[in-house]
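What follows is entry-v7.cif (mmCIF, C-alpha atoms).
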data_target
loop_
_atom_site.group_PDB
_atom_site.id
_atom_site.type_symbol
_atom_site.label_atom_id
_atom_site.label_comp_id
_atom_site.auth_asym_id
_atom_site.auth_seq_id
_atom_site.Cartn_x
_atom_site.Cartn_y
_atom_site.Cartn_z
ATOM 1 C CA MET P 933 -154.781 -90.677 -32.279
ATOM 2 C CA ASN P 934 -155.133 -93.696 -34.534
ATOM 3 C CA ALA P 935 -153.582 -91.762 -37.402
ATOM 4 C CA ASN P 936 -150.569 -90.791 -35.284
ATOM 5 C CA LEU P 937 -150.163 -94.369 -34.104
ATOM 6 C CA THR P 938 -150.365 -95.624 -37.666
ATOM 7 C CA ASN P 939 -147.766 -93.105 -38.820
ATOM 8 C CA ARG P 940 -145.489 -94.043 -35.930
ATOM 9 C CA TRP P 941 -145.614 -97.742 -36.754
ATOM 10 C CA GLY P 942 -145.195 -96.924 -40.440
ATOM 11 C CA ASN P 943 -142.058 -94.920 -39.697
ATOM 12 C CA ARG P 944 -140.715 -97.728 -37.539
ATOM 13 C CA ALA P 945 -141.365 -100.242 -40.304
ATOM 14 C CA ILE P 946 -139.561 -98.065 -42.842
ATOM 15 C CA PHE P 947 -136.653 -97.564 -40.444
ATOM 16 C CA GLY P 948 -136.449 -101.290 -39.760
ATOM 17 C CA ALA P 949 -136.495 -102.107 -43.479
ATOM 18 C CA THR P 950 -133.747 -99.539 -44.073
ATOM 19 C CA VAL P 951 -131.575 -101.009 -41.321
ATOM 20 C CA LEU P 952 -132.139 -104.511 -42.672
ATOM 21 C CA ALA P 953 -131.199 -103.417 -46.196
ATOM 22 C CA ALA P 954 -128.066 -101.705 -44.853
ATOM 23 C CA ILE P 955 -127.029 -104.868 -43.002
ATOM 24 C CA VAL P 956 -127.554 -106.980 -46.117
ATOM 25 C CA TRP P 957 -125.456 -104.524 -48.137
ATOM 26 C CA VAL P 958 -122.658 -104.103 -45.556
ATOM 27 C CA ALA P 959 -122.342 -107.771 -44.527
ATOM 28 C CA PRO P 960 -120.394 -108.904 -47.648
ATOM 29 C CA LEU P 961 -118.053 -105.909 -47.281
ATOM 30 C CA LEU P 962 -117.320 -106.782 -43.657
ATOM 31 C CA TRP P 963 -116.768 -110.407 -44.681
ATOM 32 C CA ILE P 964 -114.233 -109.331 -47.326
ATOM 33 C CA LEU P 965 -112.483 -107.004 -44.857
ATOM 34 C CA ALA P 966 -112.292 -109.698 -42.179
ATOM 35 C CA LEU P 967 -110.923 -112.327 -44.561
ATOM 36 C CA SER P 968 -108.230 -109.943 -45.755
ATOM 37 C CA PHE P 969 -106.643 -110.052 -42.278
ATOM 38 C CA LYS P 970 -106.678 -113.854 -42.038
ATOM 39 C CA PRO P 971 -103.731 -116.173 -42.845
ATOM 40 C CA ASN P 972 -104.168 -117.975 -46.142
ATOM 41 C CA GLU P 973 -103.243 -121.273 -44.461
ATOM 42 C CA LEU P 974 -106.236 -120.941 -42.113
ATOM 43 C CA LEU P 975 -108.605 -119.955 -44.905
ATOM 44 C CA ALA P 976 -107.623 -123.078 -46.800
ATOM 45 C CA GLN P 977 -109.304 -125.030 -43.987
ATOM 46 C CA ARG P 978 -112.245 -122.838 -42.992
ATOM 47 C CA THR P 979 -113.697 -119.388 -43.660
ATOM 48 C CA ASP P 980 -116.305 -119.098 -40.907
ATOM 49 C CA ILE P 981 -113.995 -117.559 -38.269
ATOM 50 C CA LEU P 982 -114.081 -113.891 -39.169
ATOM 51 C CA PHE P 983 -113.537 -111.744 -36.090
ATOM 52 C CA ALA P 984 -111.530 -114.152 -33.947
ATOM 53 C CA PRO P 985 -107.709 -114.490 -33.908
ATOM 54 C CA PRO P 986 -105.339 -115.078 -35.551
ATOM 55 C CA TYR P 987 -104.857 -111.920 -37.594
ATOM 56 C CA THR P 988 -102.119 -111.030 -40.023
ATOM 57 C CA LEU P 989 -100.998 -108.129 -42.206
ATOM 58 C CA LYS P 990 -99.075 -110.408 -44.534
ATOM 59 C CA ASN P 991 -101.691 -110.157 -47.272
ATOM 60 C CA TYR P 992 -101.294 -106.389 -47.409
ATOM 61 C CA SER P 993 -97.520 -106.535 -47.103
ATOM 62 C CA ASP P 994 -97.471 -108.936 -50.062
ATOM 63 C CA ILE P 995 -99.411 -106.363 -52.098
ATOM 64 C CA LEU P 996 -97.122 -103.495 -51.100
ATOM 65 C CA GLY P 997 -94.129 -105.739 -51.691
ATOM 66 C CA THR P 998 -95.012 -106.129 -55.355
ATOM 67 C CA SER P 999 -92.391 -104.136 -57.245
ATOM 68 C CA LEU P 1000 -94.797 -102.274 -59.550
ATOM 69 C CA VAL P 1001 -97.769 -101.716 -57.237
ATOM 70 C CA PHE P 1002 -97.039 -98.024 -56.688
ATOM 71 C CA ARG P 1003 -96.611 -97.529 -60.433
ATOM 72 C CA TRP P 1004 -100.009 -99.174 -60.911
ATOM 73 C CA ILE P 1005 -101.519 -96.795 -58.345
ATOM 74 C CA VAL P 1006 -100.073 -93.813 -60.203
ATOM 75 C CA ASN P 1007 -101.408 -95.157 -63.509
ATOM 76 C CA SER P 1008 -104.891 -95.638 -62.064
ATOM 77 C CA CYS P 1009 -104.883 -92.152 -60.516
ATOM 78 C CA VAL P 1010 -103.769 -90.505 -63.761
ATOM 79 C CA VAL P 1011 -106.331 -92.393 -65.852
ATOM 80 C CA ALA P 1012 -109.233 -92.006 -63.401
ATOM 81 C CA PHE P 1013 -108.694 -88.314 -62.635
ATOM 82 C CA ALA P 1014 -108.005 -87.399 -66.274
ATOM 83 C CA GLN P 1015 -111.132 -89.212 -67.457
ATOM 84 C CA THR P 1016 -113.224 -87.639 -64.708
ATOM 85 C CA ILE P 1017 -112.074 -84.081 -65.394
ATOM 86 C CA LEU P 1018 -112.392 -84.388 -69.171
ATOM 87 C CA VAL P 1019 -115.812 -86.048 -68.988
ATOM 88 C CA LEU P 1020 -117.051 -83.291 -66.670
ATOM 89 C CA VAL P 1021 -115.793 -80.589 -69.032
ATOM 90 C CA LEU P 1022 -117.140 -82.190 -72.203
ATOM 91 C CA SER P 1023 -120.462 -83.251 -70.690
ATOM 92 C CA SER P 1024 -121.044 -79.821 -69.144
ATOM 93 C CA LEU P 1025 -120.342 -78.040 -72.413
ATOM 94 C CA ALA P 1026 -122.482 -80.445 -74.424
ATOM 95 C CA GLY P 1027 -125.255 -80.418 -71.845
ATOM 96 C CA TYR P 1028 -125.368 -76.628 -71.807
ATOM 97 C CA GLY P 1029 -125.506 -76.560 -75.590
ATOM 98 C CA PHE P 1030 -128.398 -79.001 -75.711
ATOM 99 C CA ALA P 1031 -130.271 -77.414 -72.807
ATOM 100 C CA ARG P 1032 -129.846 -73.696 -73.457
ATOM 101 C CA THR P 1033 -129.059 -73.084 -77.133
ATOM 102 C CA GLU P 1034 -130.800 -73.663 -80.418
ATOM 103 C CA PHE P 1035 -129.065 -74.925 -83.542
ATOM 104 C CA PRO P 1036 -130.083 -76.952 -86.620
ATOM 105 C CA GLY P 1037 -130.367 -80.675 -85.991
ATOM 106 C CA LYS P 1038 -130.193 -80.364 -82.197
ATOM 107 C CA THR P 1039 -132.995 -82.845 -81.570
ATOM 108 C CA TRP P 1040 -131.543 -85.518 -83.850
ATOM 109 C CA LEU P 1041 -128.032 -85.007 -82.524
ATOM 110 C CA TYR P 1042 -129.273 -85.356 -78.950
ATOM 111 C CA ARG P 1043 -131.109 -88.549 -79.869
ATOM 112 C CA LEU P 1044 -127.909 -89.853 -81.446
ATOM 113 C CA VAL P 1045 -126.042 -89.174 -78.213
ATOM 114 C CA LEU P 1046 -128.720 -90.960 -76.186
ATOM 115 C CA ALA P 1047 -128.495 -93.922 -78.553
ATOM 116 C CA GLY P 1048 -124.965 -94.375 -77.266
ATOM 117 C CA LEU P 1049 -126.461 -95.485 -73.937
ATOM 118 C CA ALA P 1050 -127.678 -98.650 -75.667
ATOM 119 C CA VAL P 1051 -124.244 -99.602 -77.030
ATOM 120 C CA PRO P 1052 -122.360 -101.974 -74.672
ATOM 121 C CA GLN P 1053 -118.625 -101.590 -74.207
ATOM 122 C CA THR P 1054 -117.913 -105.048 -75.576
ATOM 123 C CA ALA P 1055 -119.526 -104.127 -78.915
ATOM 124 C CA VAL P 1056 -116.845 -101.525 -79.667
ATOM 125 C CA VAL P 1057 -113.796 -103.258 -78.207
ATOM 126 C CA ILE P 1058 -112.514 -104.670 -81.503
ATOM 127 C CA PRO P 1059 -112.907 -101.425 -83.510
ATOM 128 C CA LEU P 1060 -111.263 -99.475 -80.679
ATOM 129 C CA HIS P 1061 -108.405 -101.966 -80.463
ATOM 130 C CA ARG P 1062 -107.670 -101.767 -84.194
ATOM 131 C CA MET P 1063 -108.004 -97.976 -84.243
ATOM 132 C CA PHE P 1064 -105.669 -97.443 -81.297
ATOM 133 C CA ALA P 1065 -103.216 -100.007 -82.650
ATOM 134 C CA ASP P 1066 -103.052 -98.112 -85.959
ATOM 135 C CA TRP P 1067 -102.456 -94.875 -84.073
ATOM 136 C CA GLY P 1068 -99.797 -96.468 -81.837
ATOM 137 C CA LEU P 1069 -101.606 -95.486 -78.646
ATOM 138 C CA HIS P 1070 -101.540 -98.815 -76.829
ATOM 139 C CA ASN P 1071 -99.389 -98.900 -73.680
ATOM 140 C CA SER P 1072 -99.825 -95.169 -73.149
ATOM 141 C CA TYR P 1073 -101.937 -92.835 -71.042
ATOM 142 C CA PRO P 1074 -103.917 -91.499 -74.044
ATOM 143 C CA GLY P 1075 -104.706 -95.078 -75.013
ATOM 144 C CA LEU P 1076 -106.186 -95.733 -71.567
ATOM 145 C CA ILE P 1077 -107.957 -92.385 -71.181
ATOM 146 C CA LEU P 1078 -109.514 -91.516 -74.538
ATOM 147 C CA PRO P 1079 -112.064 -94.387 -74.837
ATOM 148 C CA GLY P 1080 -113.680 -93.325 -71.561
ATOM 149 C CA LEU P 1081 -114.424 -89.823 -72.823
ATOM 150 C CA ALA P 1082 -117.417 -91.037 -74.826
ATOM 151 C CA ALA P 1083 -119.953 -90.537 -72.033
ATOM 152 C CA PRO P 1084 -123.547 -90.248 -73.293
ATOM 153 C CA PHE P 1085 -124.844 -90.674 -69.744
ATOM 154 C CA GLY P 1086 -122.893 -87.593 -68.675
ATOM 155 C CA VAL P 1087 -124.329 -85.527 -71.508
ATOM 156 C CA PHE P 1088 -127.849 -86.714 -70.641
ATOM 157 C CA LEU P 1089 -127.415 -85.997 -66.921
ATOM 158 C CA MET P 1090 -126.020 -82.500 -67.402
ATOM 159 C CA THR P 1091 -128.598 -81.634 -70.061
ATOM 160 C CA GLN P 1092 -131.494 -82.564 -67.798
ATOM 161 C CA TYR P 1093 -129.970 -80.745 -64.831
ATOM 162 C CA PHE P 1094 -129.347 -77.576 -66.833
ATOM 163 C CA LYS P 1095 -132.930 -77.654 -68.103
ATOM 164 C CA ALA P 1096 -134.165 -77.621 -64.492
ATOM 165 C CA ILE P 1097 -132.260 -74.417 -63.668
ATOM 166 C CA PRO P 1098 -134.588 -71.376 -63.976
ATOM 167 C CA ARG P 1099 -133.936 -69.355 -67.097
ATOM 168 C CA ASP P 1100 -134.545 -66.115 -65.195
ATOM 169 C CA LEU P 1101 -131.060 -66.301 -63.688
ATOM 170 C CA GLU P 1102 -129.449 -66.691 -67.088
ATOM 171 C CA GLU P 1103 -131.563 -63.970 -68.698
ATOM 172 C CA ALA P 1104 -130.753 -61.542 -65.892
ATOM 173 C CA ALA P 1105 -127.038 -62.103 -66.444
ATOM 174 C CA LEU P 1106 -127.414 -61.614 -70.200
ATOM 175 C CA LEU P 1107 -129.275 -58.344 -69.612
ATOM 176 C CA ASP P 1108 -126.264 -57.171 -67.604
ATOM 177 C CA ASN P 1109 -124.163 -57.630 -70.763
ATOM 178 C CA ALA P 1110 -122.590 -60.872 -69.555
ATOM 179 C CA SER P 1111 -121.273 -63.072 -72.339
ATOM 180 C CA ARG P 1112 -122.578 -66.563 -72.917
ATOM 181 C CA TRP P 1113 -119.305 -67.984 -71.555
ATOM 182 C CA THR P 1114 -119.554 -65.830 -68.422
ATOM 183 C CA VAL P 1115 -123.121 -66.989 -67.848
ATOM 184 C CA PHE P 1116 -122.029 -70.602 -68.255
ATOM 185 C CA THR P 1117 -119.010 -70.396 -65.924
ATOM 186 C CA ARG P 1118 -120.297 -67.916 -63.319
ATOM 187 C CA VAL P 1119 -124.011 -68.744 -63.134
ATOM 188 C CA ILE P 1120 -124.839 -72.190 -64.526
ATOM 189 C CA LEU P 1121 -121.841 -74.253 -63.421
ATOM 190 C CA PRO P 1122 -121.942 -73.216 -59.726
ATOM 191 C CA LEU P 1123 -125.603 -74.236 -59.626
ATOM 192 C CA SER P 1124 -124.817 -77.665 -61.077
ATOM 193 C CA LEU P 1125 -122.332 -78.819 -58.420
ATOM 194 C CA PRO P 1126 -124.537 -81.714 -57.223
ATOM 195 C CA ALA P 1127 -124.907 -83.103 -60.747
ATOM 196 C CA GLN P 1128 -121.207 -82.650 -61.433
ATOM 197 C CA ALA P 1129 -120.281 -84.428 -58.213
ATOM 198 C CA THR P 1130 -122.585 -87.323 -59.084
ATOM 199 C CA LEU P 1131 -121.207 -87.592 -62.612
ATOM 200 C CA GLY P 1132 -117.666 -87.301 -61.289
ATOM 201 C CA ILE P 1133 -118.155 -90.140 -58.818
ATOM 202 C CA VAL P 1134 -119.737 -92.395 -61.457
ATOM 203 C CA THR P 1135 -116.975 -91.627 -63.957
ATOM 204 C CA PHE P 1136 -114.164 -92.047 -61.450
ATOM 205 C CA LEU P 1137 -115.623 -95.316 -60.205
ATOM 206 C CA GLY P 1138 -115.927 -96.684 -63.733
ATOM 207 C CA ALA P 1139 -112.399 -95.617 -64.691
ATOM 208 C CA TRP P 1140 -110.828 -96.908 -61.473
ATOM 209 C CA ASN P 1141 -112.515 -100.324 -61.674
ATOM 210 C CA ASP P 1142 -112.251 -100.757 -65.445
ATOM 211 C CA TYR P 1143 -110.609 -104.055 -66.280
ATOM 212 C CA LEU P 1144 -111.567 -104.940 -69.855
ATOM 213 C CA TRP P 1145 -110.037 -102.041 -71.767
ATOM 214 C CA PRO P 1146 -106.758 -101.881 -69.767
ATOM 215 C CA LEU P 1147 -106.446 -105.629 -70.288
ATOM 216 C CA ILE P 1148 -106.576 -105.023 -74.042
ATOM 217 C CA SER P 1149 -104.639 -101.772 -74.293
ATOM 218 C CA ALA P 1150 -101.921 -102.265 -71.653
ATOM 219 C CA THR P 1151 -99.757 -105.248 -72.579
ATOM 220 C CA GLN P 1152 -96.677 -104.105 -70.630
ATOM 221 C CA SER P 1153 -96.698 -104.473 -66.854
ATOM 222 C CA ASP P 1154 -95.465 -100.927 -66.181
ATOM 223 C CA HIS P 1155 -98.563 -99.583 -67.954
ATOM 224 C CA TYR P 1156 -101.061 -101.681 -65.946
ATOM 225 C CA THR P 1157 -103.705 -99.963 -63.874
ATOM 226 C CA LEU P 1158 -104.145 -101.093 -60.274
ATOM 227 C CA THR P 1159 -107.110 -103.345 -61.088
ATOM 228 C CA LEU P 1160 -105.256 -105.107 -63.878
ATOM 229 C CA GLY P 1161 -101.990 -105.241 -61.968
ATOM 230 C CA LEU P 1162 -103.500 -106.803 -58.859
ATOM 231 C CA ALA P 1163 -105.324 -109.351 -60.995
ATOM 232 C CA SER P 1164 -102.041 -110.295 -62.690
ATOM 233 C CA THR P 1165 -100.498 -111.203 -59.312
ATOM 234 C CA GLN P 1166 -103.184 -113.824 -58.641
ATOM 235 C CA THR P 1167 -102.170 -116.912 -60.576
ATOM 236 C CA ASN P 1168 -105.341 -118.923 -59.955
ATOM 237 C CA PHE P 1169 -108.528 -117.417 -58.557
ATOM 238 C CA ALA P 1170 -109.941 -120.902 -57.954
ATOM 239 C CA GLN P 1171 -107.299 -121.763 -55.339
ATOM 240 C CA SER P 1172 -108.484 -121.060 -51.810
ATOM 241 C CA GLU P 1173 -104.868 -120.854 -50.552
ATOM 242 C CA GLY P 1174 -104.789 -117.258 -51.751
ATOM 243 C CA LEU P 1175 -108.238 -116.236 -50.533
ATOM 244 C CA GLY P 1176 -106.942 -113.789 -47.944
ATOM 245 C CA PHE P 1177 -104.604 -112.231 -50.474
ATOM 246 C CA LEU P 1178 -107.488 -111.953 -52.940
ATOM 247 C CA MET P 1179 -109.689 -110.236 -50.355
ATOM 248 C CA ALA P 1180 -106.855 -107.845 -49.457
ATOM 249 C CA GLN P 1181 -106.604 -106.941 -53.147
ATOM 250 C CA ALA P 1182 -110.307 -106.101 -53.200
ATOM 251 C CA VAL P 1183 -110.016 -103.892 -50.105
ATOM 252 C CA PHE P 1184 -106.857 -102.224 -51.380
ATOM 253 C CA ALA P 1185 -108.432 -101.377 -54.735
ATOM 254 C CA ALA P 1186 -111.784 -100.244 -53.297
ATOM 255 C CA ALA P 1187 -110.482 -98.013 -50.488
ATOM 256 C CA PRO P 1188 -109.789 -94.872 -52.592
ATOM 257 C CA VAL P 1189 -113.245 -95.021 -54.158
ATOM 258 C CA LEU P 1190 -114.941 -95.381 -50.759
ATOM 259 C CA VAL P 1191 -113.028 -92.376 -49.416
ATOM 260 C CA LEU P 1192 -113.972 -90.308 -52.463
ATOM 261 C CA TYR P 1193 -117.628 -91.310 -52.178
ATOM 262 C CA ALA P 1194 -117.713 -90.454 -48.466
ATOM 263 C CA PHE P 1195 -116.338 -86.991 -49.251
ATOM 264 C CA PHE P 1196 -118.848 -86.215 -52.024
ATOM 265 C CA GLN P 1197 -121.908 -88.074 -50.767
ATOM 266 C CA GLN P 1198 -123.712 -84.862 -49.748
ATOM 267 C CA TYR P 1199 -123.624 -83.671 -53.352
ATOM 268 C CA ILE P 1200 -124.884 -87.006 -54.636
ATOM 269 C CA VAL P 1201 -127.835 -86.927 -52.236
ATOM 270 C CA ALA P 1202 -128.563 -83.338 -53.262
ATOM 271 C CA ALA P 1203 -128.501 -84.245 -56.955
ATOM 272 C CA VAL P 1204 -130.944 -87.096 -56.411
ATOM 273 C CA ALA P 1205 -133.208 -84.856 -54.338
ATOM 274 C CA GLY P 1206 -133.010 -82.076 -56.916
ATOM 275 C CA ALA P 1207 -131.651 -79.647 -54.339
ATOM 276 C CA ARG P 1208 -128.597 -77.436 -54.331
ATOM 277 C CA VAL P 1209 -125.817 -77.936 -51.843
ATOM 278 C CA ARG P 1210 -124.158 -74.688 -50.973
ATOM 279 C CA SER P 1211 -120.439 -74.859 -50.506
ATOM 280 C CA ALA P 1212 -119.206 -73.863 -47.097
#

Could you take the file, read its structure, and then write that structure out as structure tokens?
Amino acid sequence: MNANLTNRWGNRAIFGATVLAAIVWVAPLLWILALSFKPNELLAQRTDILFAPPYTLKNYSDILGTSLVFRWIVNSCVVAFAQTILVLVLSSLAGYGFARTEFPGKTWLYRLVLAGLAVPQTAVVIPLHRMFADWGLHNSYPGLILPGLAAPFGVFLMTQYFKAIPRDLEEAALLDNASRWTVFTRVILPLSLPAQATLGIVTFLGAWNDYLWPLISATQSDHYTLTLGLASTQTNFAQSEGLGFLMAQAVFAAAPVLVLYAFFQQYIVAAVAGARVRSA
């Protein structure tokens, strides 16, 4: 009886802590969303009236009224989806090679890839800028996409996930005269959907929100990504007169990522739990 009572109170405490953590995490998002529907003139005076009138859609209409905003959306979609697909392909191939094959220097090469996790983006900005300038790739889709393909985290994630897949499945397919490529595409990849979904979300989120490299590579407004383009419309972030417009920019830029995360969250949870999510 005492044990059951203790477990019940323990579960309630965990539930309460989870709810509290969720409120702490969601509160700033609700604050940003509420401010985005407030007139900038009101926010210049006070910001404590969140869910009371007046409301306005002017902040969003100002964003949609920007002449190049839809071009920026297209640029962000092309860059984010291209980076995500290419990183998934390259990381899966490299991860399978490290996890399932043997070749000379594999251990040292894998360590070299992992060393890339310790290199910050800012440390390679200048070499990348000079390299892409010499190749004439600035203000182009390849110039925005290619730097994001170096993804040591993706290689590490896929390698570890492939190692956890039982070898019996692969060996059974090989005994049936399946080629290595068939085993990879028909057996291993379907089992790695949770890891791929997790890596895809992380890659897409990083590409969509990237500001530093597009700021360097895209010097023409028609080549801006959405993050860079929206930032260019805000003349002074320190002025509270544009606070509502600034919050609307944040909501506008974050909405696609939230929708994508909501769609793939079951795979992310499965990857963290080490389980397989079967497609319907």

(message) Residue by residue, what does the PyMOL selection byres ((chain P and resi 1186) around 12) grab here? Present the result as a list in words.
(response) Leu961, Ile964, Leu965, Ile1005, Phe1136, Leu1137, Gly1138, Trp1140, Asn1141, Leu1158, Thr1159, Leu1162, Met1179, Ala1180, Gln1181, Ala1182, Val1183, Phe1184, Ala1185, Ala1187, Pro1188, Val1189, Leu1190, Val1191, Leu1192 and Tyr1193 of chain P

(request) Report the distance between CA of Leu1046 in chain P and CA of Phe1030 in chain P in Å, rounded to one decimal place. (result)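 Straight-line distance from CA of Leu1046 in chain P to CA of Phe1030 in chain P works out to 12.0 Å.
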
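In this model, the gap between CA of Thr1157 in chain P and CA of Ile995 in chain P comes to 14.1 Å.
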
Phe983 in chain P surroundings by only C-alpha atoms, 9 Å radius, close-in-sequence under 2 positions cut, as a compact mmCIF listing (two decimals) with C-alpha atoms, keeping the file's coordinate frame:
# COMPACT_ATOMS: atom_id res chain seq x y z
CA ALA P 966 -112.29 -109.70 -42.18
CA LEU P 967 -110.92 -112.33 -44.56
CA ILE P 981 -114.00 -117.56 -38.27
CA PRO P 985 -107.71 -114.49 -33.91
CA PRO P 986 -105.34 -115.08 -35.55
CA TYR P 987 -104.86 -111.92 -37.59

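Relative to CA of Pro1126 in chain P, CA of Glu1034 in chain P is found at 25.3 Å.
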
(request) Might you pull out every residue within 12 Å of Leu974 in chain P, with all atoms listed in the file counted and same-chain residues fewer than 3 positions away left off, and present them as a list in words? (result) Leu967, Ser968, Phe969, Lys970, Pro971, Gln977, Arg978, Thr979, Asp980, Ile981, Leu982, Ala984, Pro985, Pro986, Tyr987, Thr988, Ser1172, Glu1173, Gly1174, Leu1175 and Gly1176 of chain P

Mind running range 970-1085 of chain P against range 1142-1145 of chain P at 10 Å and telling me each contacting residue's nearest atom pair with the distance in Å (one decimal), counting only C-alpha atoms, chain and number ascending, as JSON lines?
{"residue": "P:Ser1008", "atom": "CA", "partner": "P:Asp1142", "partner_atom": "CA", "distance": 9.6}
{"residue": "P:Ala1012", "atom": "CA", "partner": "P:Asp1142", "partner_atom": "CA", "distance": 9.5}
{"residue": "P:Gln1053", "atom": "CA", "partner": "P:Trp1145", "partner_atom": "CA", "distance": 8.9}
{"residue": "P:Thr1054", "atom": "CA", "partner": "P:Leu1144", "partner_atom": "CA", "distance": 8.5}
{"residue": "P:Val1057", "atom": "CA", "partner": "P:Trp1145", "partner_atom": "CA", "distance": 7.6}
{"residue": "P:Leu1060", "atom": "CA", "partner": "P:Trp1145", "partner_atom": "CA", "distance": 9.4}
{"residue": "P:His1061", "atom": "CA", "partner": "P:Trp1145", "partner_atom": "CA", "distance": 8.8}
{"residue": "P:Gly1075", "atom": "CA", "partner": "P:Trp1145", "partner_atom": "CA", "distance": 9.4}
{"residue": "P:Leu1076", "atom": "CA", "partner": "P:Trp1145", "partner_atom": "CA", "distance": 7.4}
{"residue": "P:Ile1077", "atom": "CA", "partner": "P:Trp1145", "partner_atom": "CA", "distance": 9.9}
{"residue": "P:Pro1079", "atom": "CA", "partner": "P:Trp1145", "partner_atom": "CA", "distance": 8.5}
{"residue": "P:Gly1080", "atom": "CA", "partner": "P:Trp1145", "partner_atom": "CA", "distance": 9.4}

(request) For range 1020-1022 of chain P, list every protein, DNA or RNA residue within 9 Å, evaluated using only C-alpha atoms, and leave out those in the same chain fewer than 2 positions away; present the list as a ChimeraX atom specification. (result) /P:1015-1018,1024-1027,1081,1083,1086-1087,1128,1131-1132,1135

Evaluating the PyMOL selection byres ((chain P and resi 1105-1121) around 12) on the displayed file yields which residues, as a short mmCIF file (atom, residue, chain, number, x, y, z; two decimals) with C-alpha atoms, in the frame of the given file?
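The resulting expr_21.cif:
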data_model
loop_
_atom_site.label_atom_id
_atom_site.label_comp_id
_atom_site.auth_asym_id
_atom_site.auth_seq_id
_atom_site.Cartn_x
_atom_site.Cartn_y
_atom_site.Cartn_z
CA LEU P 1020 -117.05 -83.29 -66.67
CA VAL P 1021 -115.79 -80.59 -69.03
CA SER P 1023 -120.46 -83.25 -70.69
CA SER P 1024 -121.04 -79.82 -69.14
CA LEU P 1025 -120.34 -78.04 -72.41
CA ALA P 1026 -122.48 -80.44 -74.42
CA GLY P 1027 -125.26 -80.42 -71.84
CA TYR P 1028 -125.37 -76.63 -71.81
CA GLY P 1029 -125.51 -76.56 -75.59
CA ALA P 1031 -130.27 -77.41 -72.81
CA ARG P 1032 -129.85 -73.70 -73.46
CA THR P 1033 -129.06 -73.08 -77.13
CA MET P 1090 -126.02 -82.50 -67.40
CA THR P 1091 -128.60 -81.63 -70.06
CA TYR P 1093 -129.97 -80.74 -64.83
CA PHE P 1094 -129.35 -77.58 -66.83
CA LYS P 1095 -132.93 -77.65 -68.10
CA ALA P 1096 -134.16 -77.62 -64.49
CA ILE P 1097 -132.26 -74.42 -63.67
CA PRO P 1098 -134.59 -71.38 -63.98
CA ARG P 1099 -133.94 -69.36 -67.10
CA ASP P 1100 -134.54 -66.11 -65.19
CA LEU P 1101 -131.06 -66.30 -63.69
CA GLU P 1102 -129.45 -66.69 -67.09
CA GLU P 1103 -131.56 -63.97 -68.70
CA ALA P 1104 -130.75 -61.54 -65.89
CA PRO P 1122 -121.94 -73.22 -59.73
CA LEU P 1123 -125.60 -74.24 -59.63
CA SER P 1124 -124.82 -77.67 -61.08
CA LEU P 1125 -122.33 -78.82 -58.42
CA PRO P 1126 -124.54 -81.71 -57.22
CA ALA P 1127 -124.91 -83.10 -60.75
CA GLN P 1128 -121.21 -82.65 -61.43
CA ALA P 1129 -120.28 -84.43 -58.21
CA ARG P 1208 -128.60 -77.44 -54.33
#

Need the axis-aligned box for range 1173-1177 of chain P with 5 Å each side, so what are the centre and edges in Å to one decimal, as AutoDock Vina command-line options?
--center_x -106.4 --center_y -116.5 --center_z -49.8 --size_x 13.6 --size_y 18.6 --size_z 13.8

(request) Report as a list in words the full result of the PyMOL selection byres ((chain P and resi 1000) around 12) when it is applied to this structure. (result) Asp994, Ile995, Leu996, Gly997, Thr998, Ser999, Val1001, Phe1002, Arg1003, Trp1004, Ile1005, Val1006, Asn1007, Gln1152, Ser1153, Asp1154, His1155, Tyr1156, Thr1157, Leu1158, Leu1160, Gly1161, Leu1162, Ser1164 and Thr1165 of chain P

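The residue that comes closest to Ser1149 in chain P, out of P:Cys1009, P:Ala1163, P:Ala1065, P:Leu962 and on the basis of only C-alpha atoms, is P:Ala1065.
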